[in-house]
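Printed here is entry.txt (compact mmCIF, C-alpha atoms and all ligand atoms):
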# COMPACT_ATOMS: atom_id res chain seq x y z
CA MET A 2 37.39 31.54 214.54
CA GLU A 3 34.16 29.56 215.15
CA THR A 4 35.00 29.54 218.86
CA THR A 5 35.53 33.29 219.26
CA ASP A 6 33.39 34.90 221.90
CA TRP A 7 32.68 38.00 219.79
CA LYS A 8 30.56 39.67 222.44
CA ASN A 9 33.30 39.61 225.03
CA LEU A 10 36.08 40.92 222.84
CA GLY A 11 37.56 44.11 224.20
CA PHE A 12 39.42 46.85 222.39
CA GLY A 13 42.90 45.46 222.19
CA TYR A 14 45.40 43.78 219.97
CA THR A 15 44.63 40.29 218.76
CA LYS A 16 46.55 38.40 216.15
CA THR A 17 44.95 37.85 212.74
CA ASP A 18 46.31 35.97 209.71
CA TYR A 19 47.96 38.67 207.60
CA ASN A 20 49.09 42.26 207.41
CA VAL A 21 49.97 44.21 204.27
CA ARG A 22 53.00 46.45 203.82
CA CYS A 23 54.51 48.79 201.33
CA TYR A 24 58.01 50.30 201.47
CA PHE A 25 59.04 53.70 200.15
CA LYS A 26 62.66 53.53 198.99
CA ASP A 27 64.80 55.22 196.35
CA GLY A 28 62.14 57.86 195.87
CA LYS A 29 59.21 55.54 195.14
CA TRP A 30 56.63 53.23 196.66
CA GLY A 31 57.21 49.53 196.05
CA ARG A 32 54.62 46.77 195.66
CA LEU A 33 52.03 45.94 198.26
CA GLU A 34 53.32 42.89 200.17
CA THR A 35 51.41 40.37 202.27
CA HIS A 36 53.02 39.21 205.53
CA SER A 37 52.00 36.76 208.21
CA SER A 38 54.67 37.86 210.70
CA GLU A 39 53.71 40.47 213.29
CA ASP A 40 57.29 41.72 213.50
CA ILE A 41 58.98 44.47 211.56
CA THR A 42 62.72 44.98 211.47
CA MET A 43 64.28 48.37 210.97
CA HIS A 44 67.44 50.34 211.42
CA MET A 45 68.07 51.38 215.04
CA GLY A 46 68.53 54.94 213.79
CA ALA A 47 65.03 55.05 212.22
CA THR A 48 63.42 58.49 212.57
CA CYS A 49 60.20 57.01 213.97
CA LEU A 50 62.19 55.77 216.97
CA HIS A 51 64.14 58.94 217.67
CA TYR A 52 62.13 61.86 216.39
CA GLY A 53 58.57 60.62 216.30
CA GLN A 54 58.11 60.43 212.52
CA GLU A 55 54.99 58.33 212.90
CA SER A 56 51.36 58.66 211.92
CA PHE A 57 48.48 56.25 212.25
CA GLU A 58 44.83 55.90 211.34
CA GLY A 59 41.88 54.01 212.77
CA LEU A 60 38.81 52.87 210.90
CA LYS A 61 36.37 49.99 210.98
CA ALA A 62 34.73 47.38 208.79
CA PHE A 63 31.32 45.96 209.70
CA ARG A 64 29.48 42.76 208.81
CA GLY A 65 25.94 43.76 207.87
CA LYS A 66 22.67 42.00 208.50
CA ASP A 67 22.92 40.99 204.81
CA GLY A 68 26.32 39.35 205.47
CA LYS A 69 28.20 41.94 203.42
CA ILE A 70 31.32 43.64 204.78
CA ARG A 71 31.24 47.43 204.71
CA VAL A 72 34.11 49.78 205.36
CA PHE A 73 33.30 53.33 206.48
CA ARG A 74 34.72 56.42 204.71
CA MET A 75 38.21 55.05 204.08
CA ASP A 76 38.89 57.78 201.50
CA GLU A 77 38.65 60.28 204.36
CA ASN A 78 41.19 58.34 206.42
CA ALA A 79 43.47 58.20 203.36
CA LYS A 80 43.31 61.97 202.95
CA ARG A 81 43.89 62.59 206.64
CA MET A 82 46.90 60.29 206.74
CA ALA A 83 48.39 62.14 203.76
CA GLN A 84 47.90 65.44 205.63
CA SER A 85 49.50 64.03 208.77
CA ALA A 86 52.43 62.77 206.68
CA GLU A 87 52.94 66.17 205.11
CA GLY A 88 52.62 67.84 208.50
CA ILE A 89 55.60 65.94 209.89
CA ARG A 90 57.47 65.61 206.59
CA MET A 91 56.90 61.98 205.77
CA GLU A 92 56.15 60.62 202.32
CA PRO A 93 52.35 60.67 201.91
CA VAL A 94 50.73 57.37 200.95
CA PRO A 95 48.75 57.88 197.72
CA GLU A 96 45.00 57.51 198.30
CA GLU A 97 44.67 54.57 195.86
CA LEU A 98 47.49 52.70 197.61
CA PHE A 99 45.95 53.38 201.02
CA CYS A 100 42.52 52.10 199.94
CA GLU A 101 43.94 49.08 198.15
CA ALA A 102 45.92 48.15 201.27
CA VAL A 103 42.85 48.50 203.51
CA ARG A 104 40.68 46.39 201.18
CA LYS A 105 43.38 43.76 200.93
CA ALA A 106 43.92 43.58 204.70
CA ILE A 107 40.17 43.10 205.23
CA LYS A 108 39.83 40.46 202.49
CA LEU A 109 42.81 38.47 203.72
CA ASN A 110 41.39 38.45 207.25
CA GLU A 111 37.73 38.05 206.31
CA ARG A 112 37.22 35.28 208.85
CA PHE A 113 37.91 37.78 211.64
CA VAL A 114 35.11 40.16 210.68
CA PRO A 115 32.60 39.59 213.51
CA PRO A 116 29.00 38.56 212.77
CA TYR A 117 26.31 41.25 212.65
CA GLU A 118 24.50 40.11 215.80
CA SER A 119 27.62 40.52 217.98
CA GLY A 120 27.78 44.30 217.64
CA ALA A 121 31.55 43.81 217.22
CA SER A 122 33.57 44.99 214.22
CA LEU A 123 36.95 44.74 212.54
CA TYR A 124 39.29 47.55 213.58
CA ILE A 125 41.79 48.60 210.91
CA ARG A 126 45.06 50.22 211.89
CA PRO A 127 47.13 51.82 209.10
CA LEU A 128 50.57 52.96 210.23
CA LEU A 129 53.20 55.08 208.48
CA ILE A 130 56.70 55.33 209.95
CA GLY A 131 60.05 56.80 209.01
CA THR A 132 62.37 53.79 208.84
CA GLY A 133 65.43 55.40 207.30
CA PRO A 134 68.19 56.39 209.76
CA GLN A 135 68.94 60.03 210.63
CA ILE A 136 70.85 61.21 213.64
CA GLY A 137 70.70 64.85 212.70
CA VAL A 138 67.12 66.06 212.98
CA LYS A 139 65.92 65.52 209.42
CA PRO A 140 63.13 63.57 207.75
CA ALA A 141 63.86 59.96 206.79
CA LYS A 142 64.32 58.99 203.17
CA GLU A 143 62.68 55.60 203.68
CA PHE A 144 59.23 54.85 205.01
CA LEU A 145 57.09 51.86 205.80
CA PHE A 146 53.31 51.79 205.45
CA VAL A 147 51.61 48.86 207.22
CA VAL A 148 47.94 47.95 207.59
CA PHE A 149 46.91 45.43 210.20
CA VAL A 150 43.48 44.53 211.50
CA MET A 151 41.85 42.95 214.55
CA PRO A 152 38.33 42.17 215.69
CA VAL A 153 37.15 44.47 218.48
CA GLY A 154 34.13 44.12 220.72
CA PRO A 155 31.14 46.42 220.95
CA TYR A 156 32.30 49.58 222.72
CA PHE A 157 29.30 49.65 225.04
CA LYS A 158 29.02 46.17 226.51
CA GLU A 159 26.44 47.24 229.04
CA GLY A 160 24.66 49.47 226.56
CA PHE A 161 25.11 53.07 225.50
CA LYS A 162 26.15 54.61 228.87
CA PRO A 163 27.29 58.12 229.83
CA THR A 164 30.64 58.61 231.60
CA ASP A 165 32.53 61.45 233.31
CA LEU A 166 35.26 63.71 231.87
CA ALA A 167 37.94 65.67 233.73
CA ILE A 168 39.39 69.09 232.90
CA TYR A 169 42.93 69.56 234.27
CA ARG A 170 44.56 72.92 233.73
CA GLU A 171 48.07 71.61 234.33
CA TYR A 172 48.29 69.50 231.14
CA ASP A 173 48.19 70.30 227.45
CA ARG A 174 47.89 67.82 224.61
CA ALA A 175 48.89 70.07 221.74
CA ALA A 176 49.79 73.72 221.07
CA PRO A 177 47.73 76.02 218.83
CA HIS A 178 50.22 75.84 215.96
CA GLY A 179 51.71 72.47 216.86
CA THR A 180 50.79 68.99 215.68
CA GLY A 181 47.35 68.68 217.28
CA LYS A 182 45.66 68.67 213.87
CA PHE A 183 47.70 65.66 212.73
CA LYS A 184 47.14 62.08 213.82
CA VAL A 185 50.64 61.45 215.11
CA GLY A 186 51.96 59.38 217.99
CA GLY A 187 53.65 62.36 219.63
CA ASN A 188 50.29 63.86 220.57
CA TYR A 189 49.39 60.61 222.28
CA ALA A 190 52.66 60.43 224.20
CA ALA A 191 51.92 63.99 225.35
CA SER A 192 48.48 62.93 226.61
CA MET A 193 49.38 59.84 228.59
CA ALA A 194 50.18 61.43 231.95
CA ALA A 195 46.86 63.29 232.05
CA GLY A 196 44.99 60.26 230.70
CA GLU A 197 46.38 57.93 233.35
CA ARG A 198 45.55 60.41 236.08
CA ALA A 199 41.99 60.72 234.78
CA HIS A 200 41.53 56.93 234.88
CA GLU A 201 42.95 56.71 238.39
CA GLU A 202 40.51 59.40 239.50
CA GLY A 203 37.52 57.62 237.95
CA TYR A 204 37.06 59.61 234.73
CA SER A 205 36.81 58.01 231.31
CA ALA A 206 38.91 60.71 229.60
CA VAL A 207 40.42 64.17 229.80
CA LEU A 208 38.63 67.11 228.22
CA TYR A 209 41.38 69.51 227.09
CA LEU A 210 41.00 73.27 227.10
CA ASP A 211 42.88 75.33 224.51
CA ALA A 212 46.54 75.47 225.52
CA LYS A 213 46.96 79.22 225.08
CA GLU A 214 44.10 80.82 226.98
CA LYS A 215 42.63 77.87 228.90
CA LYS A 216 39.19 79.27 228.11
CA TYR A 217 37.89 77.26 225.17
CA ILE A 218 37.01 73.59 224.77
CA ASP A 219 39.45 71.71 222.51
CA GLU A 220 38.77 67.97 222.50
CA CYS A 221 38.83 64.81 224.58
CA GLY A 222 42.10 62.83 224.45
CA PRO A 223 41.28 60.61 221.45
CA ALA A 224 37.83 61.94 220.51
CA ASN A 225 36.19 65.21 219.41
CA PHE A 226 33.74 67.11 221.59
CA PHE A 227 30.19 68.04 220.63
CA ALA A 228 27.20 69.43 222.46
CA ILE A 229 23.49 69.69 221.83
CA ARG A 230 21.56 72.76 222.87
CA GLY A 231 17.96 72.93 221.76
CA ASN A 232 18.05 72.41 218.02
CA GLN A 233 21.81 73.00 217.70
CA TYR A 234 24.75 70.64 217.24
CA ILE A 235 27.79 72.59 218.45
CA THR A 236 31.42 71.51 218.07
CA PRO A 237 34.70 73.41 218.57
CA ARG A 238 36.72 75.17 215.93
CA SER A 239 40.39 75.08 216.95
CA THR A 240 43.78 74.78 215.29
CA SER A 241 44.95 72.17 217.79
CA ILE A 242 42.31 69.46 217.38
CA LEU A 243 42.21 66.48 215.06
CA GLU A 244 39.38 66.64 212.53
CA SER A 245 37.34 63.58 213.44
CA ILE A 246 35.65 61.79 210.55
CA THR A 247 32.93 60.66 212.98
CA ASN A 248 32.30 64.29 213.92
CA LYS A 249 32.16 65.29 210.25
CA SER A 250 29.63 62.50 209.62
CA LEU A 251 27.55 63.45 212.68
CA ARG A 252 27.42 67.07 211.48
CA GLN A 253 25.98 65.86 208.18
CA ILE A 254 23.47 63.56 209.91
CA ALA A 255 22.51 66.41 212.26
CA THR A 256 21.89 68.65 209.24
CA ASP A 257 19.84 65.87 207.58
CA LEU A 258 17.76 65.59 210.77
CA GLY A 259 17.03 69.32 210.67
CA LEU A 260 19.46 70.45 213.38
CA GLU A 261 21.50 73.60 213.04
CA VAL A 262 25.25 72.90 213.03
CA GLU A 263 27.71 75.34 214.58
CA VAL A 264 31.49 74.96 214.37
CA ARG A 265 33.05 77.69 216.49
CA PRO A 266 35.14 78.36 219.58
CA ILE A 267 33.25 77.16 222.67
CA LEU A 268 33.91 78.86 225.99
CA GLU A 269 34.16 76.57 228.98
CA ASP A 270 31.42 78.63 230.64
CA GLU A 271 29.01 77.47 227.95
CA LEU A 272 29.20 73.94 229.35
CA ALA A 273 26.58 75.03 231.83
CA THR A 274 24.10 75.77 229.02
CA PHE A 275 24.20 72.49 227.08
CA ASP A 276 21.43 69.87 227.13
CA GLU A 277 23.62 66.99 225.97
CA VAL A 278 27.35 66.49 225.66
CA GLY A 279 29.31 63.73 223.94
CA ALA A 280 32.72 62.63 222.72
CA CYS A 281 32.86 61.20 219.21
CA GLY A 282 35.31 59.01 217.33
CA THR A 283 35.64 55.71 215.48
CA ALA A 284 35.98 53.57 218.62
CA ALA A 285 32.60 54.40 220.20
CA VAL A 286 30.90 56.60 217.56
CA ILE A 287 29.45 58.59 220.49
CA SER A 288 30.35 58.36 224.18
CA PRO A 289 27.67 60.32 225.97
CA VAL A 290 28.88 62.40 228.91
CA LYS A 291 27.08 62.59 232.23
CA ARG A 292 29.37 64.97 234.09
CA ILE A 293 32.37 67.20 233.43
CA VAL A 294 34.54 68.17 236.39
CA ASP A 295 36.96 71.10 236.19
CA VAL A 296 39.24 69.66 238.84
CA GLU A 297 41.42 72.64 239.84
CA GLU A 298 38.55 75.13 239.64
CA ASN A 299 36.27 72.84 241.56
CA LYS A 300 33.40 73.25 239.07
CA GLU A 301 30.96 70.62 237.85
CA TYR A 302 28.63 70.40 234.88
CA ASN A 303 25.92 67.72 234.85
CA TYR A 304 24.00 66.22 231.93
CA GLY A 305 21.99 63.44 233.49
CA VAL A 306 22.63 59.73 233.88
CA ASP A 307 20.89 58.65 230.66
CA PRO A 308 22.02 59.41 227.11
CA GLY A 309 20.19 62.35 225.56
CA LYS A 310 17.55 61.90 222.86
CA VAL A 311 19.49 63.70 220.13
CA SER A 312 22.78 61.89 220.87
CA THR A 313 20.93 58.57 220.78
CA LYS A 314 19.31 59.37 217.43
CA LEU A 315 22.66 60.46 215.94
CA TYR A 316 24.35 57.32 217.28
CA GLU A 317 21.68 54.97 215.96
CA THR A 318 21.66 56.61 212.54
CA LEU A 319 25.43 56.42 212.10
CA ARG A 320 25.61 52.82 213.37
CA GLY A 321 22.74 51.92 211.04
CA ILE A 322 24.61 53.30 208.03
CA GLN A 323 27.73 51.37 209.04
CA TYR A 324 25.85 48.08 209.41
CA GLY A 325 23.75 48.63 206.30
CA THR A 326 20.37 48.97 208.02
CA VAL A 327 19.96 52.72 207.38
CA GLU A 328 20.14 54.21 203.89
CA ASP A 329 23.65 55.43 203.00
CA LYS A 330 22.56 58.68 201.36
CA HIS A 331 26.03 60.18 201.16
CA ASN A 332 27.91 57.13 199.85
CA TRP A 333 30.00 56.71 202.97
CA VAL A 334 30.33 52.93 202.92
CA GLN A 335 32.11 50.71 200.49
CA VAL A 336 31.17 47.04 200.26
CA ILE A 337 34.23 44.79 200.21
CA GLU A 338 33.85 42.08 197.57
C1 LIG A 401 41.50 59.69 215.75
C2 LIG A 401 41.18 60.85 216.64
C3 LIG A 401 39.88 61.33 216.81
C4 LIG A 401 38.66 60.65 216.20
O1 LIG A 401 38.65 60.68 214.80
P1 LIG A 401 37.70 59.70 213.99
O2 LIG A 401 38.10 59.94 212.58
O3 LIG A 401 36.31 60.10 214.26
O4 LIG A 401 37.99 58.33 214.48
C5 LIG A 401 39.68 62.45 217.60
N1 LIG A 401 40.72 63.07 218.21
C6 LIG A 401 41.98 62.62 218.10
C7 LIG A 401 43.07 63.34 218.80
C8 LIG A 401 42.26 61.50 217.30
O5 LIG A 401 43.52 61.07 217.20
Let me see the file written as structure tokens.
Ligand SMILES: *Cc1c(COP(=O)(O)O)cnc(C)c1O
Amino acid sequence: METTDWKNLGFGYTKTDYNVRCYFKDGKWGRLETHSSEDITMHMGATCLHYGQESFEGLKAFRGKDGKIRVFRMDENAKRMAQSAEGIRMEPVPEELFCEAVRKAIKLNERFVPPYESGASLYIRPLLIGTGPQIGVKPAKEFLFVVFVMPVGPYFKEGFKPTDLAIYREYDRAAPHGTGKFKVGGNYAASMAAGERAHEEGYSAVLYLDAKEKKYIDECGPANFFAIRGNQYITPRSTSILESITNKSLRQIATDLGLEVEVRPILEDELATFDEVGACGTAAVISPVKRIVDVEENKEYNYGVDPGKVSTKLYETLRGIQYGTVEDKHNWVQVIE
């Protein structure tokens, strides 16, 4: 890949050399297999196709200044995928198998891990699907776990820049006791109409309110919400949001930096009191927010056109840990050798 223009890579699928797979059949996981084909074949009655038995993960590996490849908190992704699997009655992938598959997929595609200077990284996509057929609504008996990878560009090509979010009261992503806390495709299908509308109207994402009362902040389509007020890092507690590993890491960094961390329900009205607001997730680490518009209520909350000081410090610290330039005090990264 000597000719790859790493800096101009976007966030999208690109073919790499290999993917790794493991099949669950006859009550047990088989051996980890290496494939070069991008295709999978399955029964047309597979539960992932009919009833949404599907879960995925997203994590990244980074080439450090020292040339080493580091993967960030993959044990957390392994645990979360097991919880998602249990939540929709799929066979959980054992943590050791998950981590071995991720390491193997990175090693086999080492030439696609972008150089340090590019600011790009290797995106890793683990996927677990029900492949066994069921026409009655029942969990599959057979599952496929796949890990594939692709290089992705720096999220902020023009620098770390704030964007706008939209609140729409007429859409929900997930119900309070539904599947919002699991990383499953169904939640994403449920968010596409609102997401497309937001993009058409010039917003980068939708900020969802809680589905029941429409009073509290839940999360942004594929990212958690956080706010800074004075010395506080504030993020929602809700039964319908996905626990972001980035958010968990930022809470720890915030604590290390001497901020007070609050995890609690956040009323929409509080948006007016925050100094800084951001969305956080693996893709961007932090996407600072400049404006939130509550479209039906015709309300607007503004946070300034430049990223806030605290958000910037949090972003730089986490990126530094990932690229090996800031001390990894909490053992979050694993070097791939
Ligand atoms: C994956 C995801 C996030 C971000 O989680 P990270 O572990 O930080 O990448 C946030 N919200 C939703 C709904 C997600 O699916």
Close residues, A:Leu145 itself excluded, 8 Å, only C-alpha atoms, min 6 positions apart in chain, as a list in words: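 The residues satisfying every condition are Arg22, Cys23, Tyr24, Phe25, Leu128, Leu129, Ile130, Gly131 and Thr132 of chain A.
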For A:Thr164, list every protein, DNA or RNA residue within 8 Å, evaluated using only C-alpha atoms, and leave out those in the same chain fewer than 5 positions away; present the list as a ChimeraX atom specification. /A:204-205,288-292
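Distance annotation: of A:His36, A:Gln84, A:Gly154, A:Gly65, the residue with the minimal separation from A:Leu10 is A:Gly154; atom set is all atoms listed in the file.
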Nearby polymer residues, ligand LIG 401 (chain A), at most 8 Å, all atoms listed in the file, as an MDAnalysis selection string: chainID A and resid 58:60 78 181:185 188:189 220:225 242:249 281:284 286
Nearest-residue call for A:Thr274, choices A:Leu98, A:Ala86, A:Ile235, A:Val21, using only C-alpha atoms: A:Ile235
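Minimum atom-to-atom distance to A:Glu201, evaluated using only C-alpha atoms, belongs to A:Ala167 out of A:Phe161, A:Ala167, A:Ala280, A:Phe149.
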Using atom CA of A:Phe275 and atom CA of A:Glu301 as the two end points, give the distance in Å to one decimal. 12.9 Å
What's the 9 Å shell around A:Arg252, counting all atoms listed in the file, without same-chain residues fewer than 5 positions away, as a list in words?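 Result of the neighbour search: Tyr234, Ile235, Thr236, Thr247, Asp257, Leu260, Glu261, Val262 and Glu263 of chain A.
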Name the residues within 10 Å of (32.3, 69.0, 233.6), counting only C-alpha atoms in the file's coordinates, and put them as a PyMOL selection string. chain A and resi 165-168+208+269+272-273+278+290-296+299-304
Just want the 9 Å neighbourhood of A:Lys216, counted on all atoms listed in the file, with same-chain residues fewer than 6 positions away dropped. Output as a PyMOL selection string. chain A and resi 210+267-270
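What separates atom CA of A:Arg230 from atom CA of A:Glu277 is a distance of 6.9 Å.
Using only C-alpha atoms, the smallest distance between any of A:Arg81, A:Lys69, A:Lys142, A:Lys105 and A:Gly325 comes from A:Lys69.
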Here's a test: counting all atoms listed in the file, identify every protein, DNA and RNA residue with an atom at most 6 Å from (52.4, 62.6, 210.0) in the file's coordinate frame, and state them as a list in words. Glu55, Ser56, Ser85, Ala86, Gly88, Ile89 and Val185 of chain A
So the first atom is atom CA of A:Glu143 and the second is atom CA of A:Asn20; what is the distance between them in Å, to one decimal place?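 One can read the atom CA of A:Glu143 to atom CA of A:Asn20 distance as 19.4 Å.
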Name the closest residue to A:Ile107 among the candidates A:His178, A:Lys61, A:Lys66, A:Lys26; distances are taken between atoms, counting all atoms listed in the file.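 Selected residue with least distance to A:Ile107: A:Lys61.
Among the candidates A:Thr17, A:Ser241, A:Asn332, A:Ser250, the one nearest to A:Tyr316 when counting only C-alpha atoms is A:Ser250.
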